[in-house]
Amino acid sequence: MFALVSVVAALSLVVTSGSRGASGVSAEVGPSPRDFIDIRDVARSAEPAPGPDASTGTFTEDCGRNQDEHRNADNLVASPRLRNGAHHTHDYVGNLSTTAFSTDAGLAAARTTCTDGDRSTIYWPVLRRQDRPASHAHGDEGEHHGNIGEILPPASVMVQFRGSRATHVVPMPRFLRMLTGDPVAGTVGPELARAQWGCTGYPDRFTTLYPRCPDGGVTRTLDFPSCWNGLDTDSEDHRGHVAFPGANGACPPGTFAVPQLRVVVSYRVPKGAPIAVDAFSEQKHAPITDHAGFVNVMTEAQMARVVACLNAGRHCRVGEHV
């Protein structure tokens, strides 16, 4: 009986989401077939060499891969105090209490998935298989905005802080809020877009398209701004208080280099499966809309450990003596 219900649900999903081609992609819902690319057709990239004053270390945390299925359609940074303000579903690691109504005090007192006790919150839109029935996971309000299909659980999540290629870094202030990427880049253009899709086994190839991966290992690399104005933990547009460094790794005038958060989320995707990142309906699941949010809830002592590791050029992991 369960198998029969699953088949019927899957057929219903295909019928109600528009006509599909051989790839299983709906022209009405999106994404388009032109939103996909074979990773072997993507050019290799390389970062410039660090300068003499660079902070070349890394600090890697273990915050799990959202085994707790902490999901909701909120966006604490961009839409605080607005339930379902994201209109699509987010996956979370770190702080287990995060909703649109979270306060600094509430975040500081909550449980966390990070093994070192870091209560920071990190979140990004879920990835779905459109040829499967909806997951109906807790907090999956995003389905009501054209985000259809089974949520793919991350196979792994790497949370890493990196140094500056130009200078030493200074500590982030507690409760600093940041965004990366642009959820409306599909319609307004790529100016704020930061999507970096890739494949396991191809660490030097990034694309703003959905990758077709030979071994089925799809990755999303989410890099956050790492230049802070030294004053504010937030700004009116949630972007003006932070910036990305230039091509040479240097921060813009009037800003200071802080540890750069990089999050790499990986998935196991069967060959040819139609995938789509959750998005606003008018974006038609364009892969360039990939984005993420972050609130730093590290204590001063925790952040000091990160800064010391980066500035000393060490590659630290949680549990190591630093």
# chains A, B, ... in the order shown; residues from 1 in each chain; ligands from 1
$ closest_atom_pairs --of "segment 189-242 of chain A" --to "segment 254-269 of chain A" --cutoff "6 Å" --atoms "only C-alpha atoms" --output "CSV"
residue,atom,partner,partner_atom,distance
A:Gly216,CA,A:Val269,CA,4.8
A:Gly217,CA,A:Arg268,CA,5.0
A:Val218,CA,A:Tyr267,CA,5.2
A:Thr219,CA,A:Ser266,CA,4.3
A:Arg220,CA,A:Val265,CA,5.2
A:Thr221,CA,A:Val264,CA,4.5
A:Leu222,CA,A:Val263,CA,5.0
A:Asp223,CA,A:Arg262,CA,4.6
A:Phe224,CA,A:Leu261,CA,5.5
A:Ser226,CA,A:Gln260,CA,4.8
A:Cys227,CA,A:Ala257,CA,4.6
A:Trp228,CA,A:Thr255,CA,5.1
A:Asn229,CA,A:Thr255,CA,4.4
$ write_last_selection --atoms "N, CA and C atoms" --output "PDB file, in the first residue's frame"
ATOM      1  N   GLY A 216      28.034  11.794  -9.181  1.00  0.00           N
ATOM      2  CA  GLY A 216      26.805  12.142  -8.476  1.00  0.00           C
ATOM      3  C   GLY A 216      26.992  12.997  -7.248  1.00  0.00           C
ATOM      4  N   GLY A 217      28.218  13.459  -6.986  1.00  0.00           N
ATOM      5  CA  GLY A 217      28.469  14.282  -5.806  1.00  0.00           C
ATOM      6  C   GLY A 217      28.397  15.761  -6.121  1.00  0.00           C
ATOM      7  N   VAL A 218      27.255  16.392  -5.836  1.00  0.00           N
ATOM      8  CA  VAL A 218      27.039  17.814  -6.100  1.00  0.00           C
ATOM      9  C   VAL A 218      27.441  18.627  -4.865  1.00  0.00           C
ATOM     10  N   THR A 219      28.127  19.746  -5.082  1.00  0.00           N
ATOM     11  CA  THR A 219      28.535  20.604  -3.973  1.00  0.00           C
ATOM     12  C   THR A 219      28.038  22.038  -4.178  1.00  0.00           C
ATOM     13  N   ARG A 220      27.867  22.725  -3.042  1.00  0.00           N
ATOM     14  CA  ARG A 220      27.579  24.164  -3.033  1.00  0.00           C
ATOM     15  C   ARG A 220      28.599  24.805  -2.106  1.00  0.00           C
ATOM     16  N   THR A 221      29.369  25.761  -2.602  1.00  0.00           N
ATOM     17  CA  THR A 221      30.357  26.461  -1.791  1.00  0.00           C
ATOM     18  C   THR A 221      29.838  27.866  -1.519  1.00  0.00           C
ATOM     19  N   LEU A 222      29.587  28.157  -0.253  1.00  0.00           N
ATOM     20  CA  LEU A 222      28.969  29.405   0.177  1.00  0.00           C
ATOM     21  C   LEU A 222      30.004  30.225   0.936  1.00  0.00           C
ATOM     22  N   ASP A 223      30.550  31.253   0.283  1.00  0.00           N
ATOM     23  CA  ASP A 223      31.544  32.137   0.894  1.00  0.00           C
ATOM     24  C   ASP A 223      30.876  33.423   1.359  1.00  0.00           C
ATOM     25  N   PHE A 224      31.139  33.806   2.612  1.00  0.00           N
ATOM     26  CA  PHE A 224      30.539  34.997   3.185  1.00  0.00           C
ATOM     27  C   PHE A 224      31.498  36.185   3.107  1.00  0.00           C
ATOM     28  N   SER A 226      34.025  39.106   4.205  1.00  0.00           N
ATOM     29  CA  SER A 226      35.049  39.025   5.242  1.00  0.00           C
ATOM     30  C   SER A 226      35.709  40.368   5.526  1.00  0.00           C
ATOM     31  N   CYS A 227      35.037  41.460   5.157  1.00  0.00           N
ATOM     32  CA  CYS A 227      35.520  42.803   5.458  1.00  0.00           C
ATOM     33  C   CYS A 227      34.417  43.529   6.229  1.00  0.00           C
ATOM     34  N   TRP A 228      34.712  43.971   7.429  1.00  0.00           N
ATOM     35  CA  TRP A 228      33.722  44.545   8.354  1.00  0.00           C
ATOM     36  C   TRP A 228      34.020  46.016   8.584  1.00  0.00           C
ATOM     37  N   ASN A 229      32.984  46.844   8.737  1.00  0.00           N
ATOM     38  CA  ASN A 229      33.194  48.289   8.901  1.00  0.00           C
ATOM     39  C   ASN A 229      33.670  48.691  10.296  1.00  0.00           C
TER      40      ASN A 229
END
$ select_by_dssp --residues "segment 65-306 of chain A" --states "strand (DSSP E or B)" --output "PyMOL selection string"
chain A and resi 71-72+90-95+112+121-125+127-129+150-151+156-162+177-181+197-199+207+210-212+217-223+227-228+242-243+256-257+260-268+275-277+291-295
$ write_last_selection --atoms "C-alpha atoms" --output "PDB file, in the first residue's frame"
ATOM      1  CA  ARG A  71      14.121  23.573   8.784  1.00  0.00           C
ATOM      2  CA  ASN A  72      11.751  26.470   8.343  1.00  0.00           C
ATOM      3  CA  HIS A  90      16.059  26.602   4.718  1.00  0.00           C
ATOM      4  CA  ASP A  91      18.371  23.929   6.117  1.00  0.00           C
ATOM      5  CA  TYR A  92      20.278  24.875   9.290  1.00  0.00           C
ATOM      6  CA  VAL A  93      23.409  23.848  11.143  1.00  0.00           C
ATOM      7  CA  GLY A  94      24.657  25.246  14.426  1.00  0.00           C
ATOM      8  CA  ASN A  95      22.076  26.926  16.632  1.00  0.00           C
ATOM      9  CA  THR A 112      23.861  23.763  19.057  1.00  0.00           C
ATOM     10  CA  THR A 121      23.486  29.881  13.111  1.00  0.00           C
ATOM     11  CA  ILE A 122      24.110  29.091   9.440  1.00  0.00           C
ATOM     12  CA  TYR A 123      21.369  28.413   6.918  1.00  0.00           C
ATOM     13  CA  TRP A 124      20.769  28.007   3.165  1.00  0.00           C
ATOM     14  CA  PRO A 125      17.826  27.003   0.916  1.00  0.00           C
ATOM     15  CA  LEU A 127      17.928  21.317  -2.560  1.00  0.00           C
ATOM     16  CA  ARG A 128      15.162  19.087  -3.946  1.00  0.00           C
ATOM     17  CA  ARG A 129      14.614  16.242  -6.372  1.00  0.00           C
ATOM     18  CA  GLU A 150      11.715  15.652  -2.079  1.00  0.00           C
ATOM     19  CA  ILE A 151      14.252  17.521   0.043  1.00  0.00           C
ATOM     20  CA  SER A 156      28.184  16.400   4.417  1.00  0.00           C
ATOM     21  CA  VAL A 157      28.602  19.997   5.540  1.00  0.00           C
ATOM     22  CA  MET A 158      31.991  21.634   6.034  1.00  0.00           C
ATOM     23  CA  VAL A 159      32.076  24.780   8.194  1.00  0.00           C
ATOM     24  CA  GLN A 160      35.417  26.525   7.881  1.00  0.00           C
ATOM     25  CA  PHE A 161      36.852  29.931   8.713  1.00  0.00           C
ATOM     26  CA  ARG A 162      39.659  31.188   6.480  1.00  0.00           C
ATOM     27  CA  ARG A 177      24.780  39.239  10.797  1.00  0.00           C
ATOM     28  CA  MET A 178      25.727  38.464   7.204  1.00  0.00           C
ATOM     29  CA  LEU A 179      24.227  37.344   3.920  1.00  0.00           C
ATOM     30  CA  THR A 180      25.879  35.912   0.847  1.00  0.00           C
ATOM     31  CA  GLY A 181      24.389  35.533  -2.623  1.00  0.00           C
ATOM     32  CA  TRP A 197      28.108  24.988  -7.650  1.00  0.00           C
ATOM     33  CA  GLY A 198      30.537  22.139  -8.162  1.00  0.00           C
ATOM     34  CA  CYS A 199      31.224  18.424  -7.924  1.00  0.00           C
ATOM     35  CA  THR A 207      29.803  27.352 -11.878  1.00  0.00           C
ATOM     36  CA  TYR A 210      23.595  23.190 -11.760  1.00  0.00           C
ATOM     37  CA  PRO A 211      26.465  20.749 -12.357  1.00  0.00           C
ATOM     38  CA  ARG A 212      26.145  17.317 -13.870  1.00  0.00           C
ATOM     39  CA  GLY A 217      28.469  14.282  -5.806  1.00  0.00           C
ATOM     40  CA  VAL A 218      27.039  17.814  -6.100  1.00  0.00           C
ATOM     41  CA  THR A 219      28.535  20.604  -3.973  1.00  0.00           C
ATOM     42  CA  ARG A 220      27.579  24.164  -3.033  1.00  0.00           C
ATOM     43  CA  THR A 221      30.357  26.461  -1.791  1.00  0.00           C
ATOM     44  CA  LEU A 222      28.969  29.405   0.177  1.00  0.00           C
ATOM     45  CA  ASP A 223      31.544  32.137   0.894  1.00  0.00           C
ATOM     46  CA  CYS A 227      35.520  42.803   5.458  1.00  0.00           C
ATOM     47  CA  TRP A 228      33.722  44.545   8.354  1.00  0.00           C
ATOM     48  CA  VAL A 242      30.297  44.132   5.454  1.00  0.00           C
ATOM     49  CA  ALA A 243      31.950  43.616   2.077  1.00  0.00           C
ATOM     50  CA  PHE A 256      38.827  45.418   8.455  1.00  0.00           C
ATOM     51  CA  ALA A 257      39.530  41.810   7.533  1.00  0.00           C
ATOM     52  CA  GLN A 260      35.866  34.450   6.259  1.00  0.00           C
ATOM     53  CA  LEU A 261      33.219  31.799   6.721  1.00  0.00           C
ATOM     54  CA  ARG A 262      33.124  29.170   3.985  1.00  0.00           C
ATOM     55  CA  VAL A 263      30.404  26.503   4.052  1.00  0.00           C
ATOM     56  CA  VAL A 264      30.566  23.564   1.629  1.00  0.00           C
ATOM     57  CA  VAL A 265      27.391  21.485   1.391  1.00  0.00           C
ATOM     58  CA  SER A 266      27.527  18.228  -0.583  1.00  0.00           C
ATOM     59  CA  TYR A 267      24.791  15.885  -1.818  1.00  0.00           C
ATOM     60  CA  ARG A 268      24.474  12.486  -3.463  1.00  0.00           C
ATOM     61  CA  ILE A 275      17.372  19.013  -8.959  1.00  0.00           C
ATOM     62  CA  ALA A 276      16.297  22.500  -7.940  1.00  0.00           C
ATOM     63  CA  VAL A 277      17.256  24.875  -5.167  1.00  0.00           C
ATOM     64  CA  HIS A 291      22.394  32.163  -1.052  1.00  0.00           C
ATOM     65  CA  ALA A 292      22.889  31.756   2.702  1.00  0.00           C
ATOM     66  CA  GLY A 293      22.671  33.568   6.034  1.00  0.00           C
ATOM     67  CA  PHE A 294      24.847  33.643   9.146  1.00  0.00           C
ATOM     68  CA  VAL A 295      24.702  35.054  12.669  1.00  0.00           C
TER      69      VAL A 295
END
$ closest_residue --among "A:Ser164, A:Ser45, A:Thr208, A:Thr115" --to "Phe244 of chain A" --atoms "only C-alpha atoms"
A:Ser164
$ closest_residue --among "A:Gly106, A:Pro183, A:Pro190, A:Gly163" --to "His87 of chain A" --atoms "only C-alpha atoms"
A:Pro183
$ closest_residue --among "A:Cys213, A:Ala286, A:Asp182, A:Asp68" --to "Gly201 of chain A" --atoms "only C-alpha atoms"
A:Cys213
$ residues_around --residues "segment 304-317 of chain A" --least-positions-apart "5" --cutoff "8 Å" --atoms "only C-alpha atoms" --output "PyMOL selection string"
chain A and resi 54-61+161-163+168-171+259+322
$ atom_distance --atom1 "atom CA of Gly85 of chain A" --atom2 "atom CA of Thr113 of chain A"
24.1 Å
$ select_by_dssp --residues "segment 9-246 of chain A" --states "alpha helix (DSSP H)" --output "list in words"
Ala9, Ala10, Leu11, Ser12, Leu13, Val14, Val15, Thr16, Asp104, Ala105, Gly106, Leu107, Ala108, Ala109, Ala185, Gly186, Thr187 and Val188 of chain A
$ residues_around --residues "Gly186 of chain A" --least-positions-apart "2" --cutoff "10 Å" --atoms "only C-alpha atoms" --output "PyMOL selection string"
chain A and resi 182-184+188-190+193+279-280+282-290
$ atom_distance --atom1 "atom CA of Gly249 of chain A" --atom2 "atom CA of Gly51 of chain A"
8.6 Å
$ atom_distance --atom1 "atom CA of Pro153 of chain A" --atom2 "atom CA of Thr103 of chain A"
27.4 Å
$ residues_around --residues "segment 299-301 of chain A" --least-positions-apart "6" --cutoff "9 Å" --atoms "only C-alpha atoms" --output "JSON, numbers by chain"
{"A": [108, 118, 119, 171, 172, 173, 174]}
